[in-house]
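Enquirer: Got a structure for you, questions after.
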Amino acid sequence: MTQEGDLDAVVRMRIRSLRQARGWSLDNLAERAHLSPSGLSRIETGRQRLSLDQLASLADALGTSIDQLVEKVNDEDVVIRPERDERRGLTTWLLSRGSAPAGVTVAKMRITEEPQGPGNDELGVHPGKEWFTVLSGTVALILGERAIRVETGQAAEFSTMTPHAIRAHGGPAEILVILDNDGQRTHLHPST
């Protein structure tokens with residue numbers, strides 16, 4: 001099958017799946033999209049080519065966009081590959097990749113016991129708040145002069161205007177973190 005044929009099949013599957021997820025019959029969607037039920041059936045089964053005006057009408061009726069219906073599918077949409085920063089002792093998996101609401105970034109982070117290199121004992125400060133939960137291990141949340149131990153299954157929320165850092169305590173640790181835009185810039189893209 002050609003790349004165009006693959007995308008055509010995916011678009012048809014998306015239309016059918018969205019219709020079924022809403023509990024609509026062919027008649028229900030056909031009426032909303034100003035199509036005949038038999039024409040919609042032929043579109044969904046691939047016996048009729050889908051025109052741009054039909055696609056626009058179906059997207060509108062289904063409460064989505066043409067872009068979402070025709071979005072290409074590849075492994076990059078699915079597979080989240082880790083980014084390693086040996087100097088800071090950190091491996092990061094970006095889980096939201098720009099799709100999280102309200103401009104937040106969701107990431108899983110593996111923190112090794114000791115970051116390596118100069119400048120890793122510095123505490124960061126930026127506007128906003130951060131939240132994390134510990135998936136495994138124990139972390140030391142450094143807030144100014146305080147070191148707070150946060151263990152597996154526990155979570156923390158804090159103002160990022162307080163000088164802060166998150167370090168592994170007693171071995172590697174993994175956390176799930178929610179960062180706002182300022183936190184993303186500071187923690188995921190530090191200046192070198």
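Numbering starts fresh at 1 for the residues of each chain in the structure tokens, the chains themselves are lettered A, B, ... in the order given, and ligands are numbered from 1 as they appear.
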Please provide the set of residues having any atom within 10 Å of Ile66 in chain A, restricted to only C-alpha atoms, with same-chain residues fewer than 2 positions apart removed, written as an mmCIF file with C-alpha atoms, in the first residue's frame.
Expert:
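selection.cif, written as the output of this step:
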data_model
loop_
_atom_site.group_PDB
_atom_site.id
_atom_site.type_symbol
_atom_site.label_atom_id
_atom_site.label_comp_id
_atom_site.auth_asym_id
_atom_site.auth_seq_id
_atom_site.Cartn_x
_atom_site.Cartn_y
_atom_site.Cartn_z
ATOM 1 C CA VAL A 11 -8.573 8.877 7.990
ATOM 2 C CA LEU A 52 -12.173 17.871 0.706
ATOM 3 C CA LEU A 55 -13.822 15.862 4.929
ATOM 4 C CA ALA A 56 -14.486 19.410 6.181
ATOM 5 C CA SER A 57 -18.152 18.623 6.803
ATOM 6 C CA LEU A 58 -17.298 15.387 8.659
ATOM 7 C CA ALA A 59 -14.605 17.085 10.769
ATOM 8 C CA ASP A 60 -17.067 19.812 11.763
ATOM 9 C CA THR A 64 -12.526 17.923 15.321
ATOM 10 C CA GLN A 68 -6.429 16.079 13.254
ATOM 11 C CA LEU A 69 -8.213 13.740 10.849
ATOM 12 C CA VAL A 70 -5.341 13.724 8.335
ATOM 13 C CA GLU A 71 -2.431 13.835 10.798
#
Enquirer: Excluding Leu62 in chain A and any residue of its chain fewer than 3 positions from it, enumerate the residues within 9 Å of it, using only C-alpha atoms, and give them as a list in words.
Expert: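 So the residues in contact are Ile15, Leu18, Arg19, Arg22, Leu29, Arg32, Ala33, Ser57, Leu58, Ala59 and Ser65 of chain A.
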Enquirer: For the residues in the current selection, export C-alpha atoms as a CSV table (one decimal), in the first residue's frame.
Expert:
chain,number,residue,atom,x,y,z
A,15,ILE,CA,-14.0,8.9,11.1
A,18,LEU,CA,-15.0,8.9,16.3
A,19,ARG,CA,-18.6,8.2,15.1
A,22,ARG,CA,-20.0,9.2,20.2
A,29,LEU,CA,-23.4,11.4,11.5
A,32,ARG,CA,-25.0,16.1,11.0
A,33,ALA,CA,-22.5,16.2,8.0
A,57,SER,CA,-18.2,18.6,6.8
A,58,LEU,CA,-17.3,15.4,8.7
A,59,ALA,CA,-14.6,17.1,10.8
A,65,SER,CA,-10.4,19.5,12.7
Enquirer: Would you please give, as a list of chain:residue names, all residues of range 123-191 of chain A that DSSP assigns to alpha helix (DSSP H) based on the backbone?
Expert: A:Asn181, A:Asp182, A:Gly183, A:Gln184, A:Arg185, A:Thr186, A:His187, A:Leu188
Enquirer: Restricting the calculation to only C-alpha atoms, which member of A:Val104, A:Met109, A:Ala155, A:Ala61 is positioned closest to Gly89 in chain A?
Expert: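 The answer is A:Met109, which sits nearest to Gly89 in chain A.
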Enquirer: How close does range 42-143 of chain A get to range 150-153 of chain A? List, as CSV, each residue of range 42-143 of chain A within 8 Å, its nearest atom pair and the distance in Å to one decimal, counting only C-alpha atoms.
Expert:
residue,atom,partner,partner_atom,distance
A:Thr133,CA,A:Gly153,CA,6.7
A:Val134,CA,A:Thr152,CA,4.8
A:Leu135,CA,A:Thr152,CA,5.5
A:Ser136,CA,A:Thr152,CA,5.0
A:Gly137,CA,A:Thr152,CA,5.7
A:Thr138,CA,A:Glu151,CA,4.4
A:Val139,CA,A:Val150,CA,5.3
A:Ala140,CA,A:Val150,CA,6.3
A:Leu141,CA,A:Val150,CA,7.0
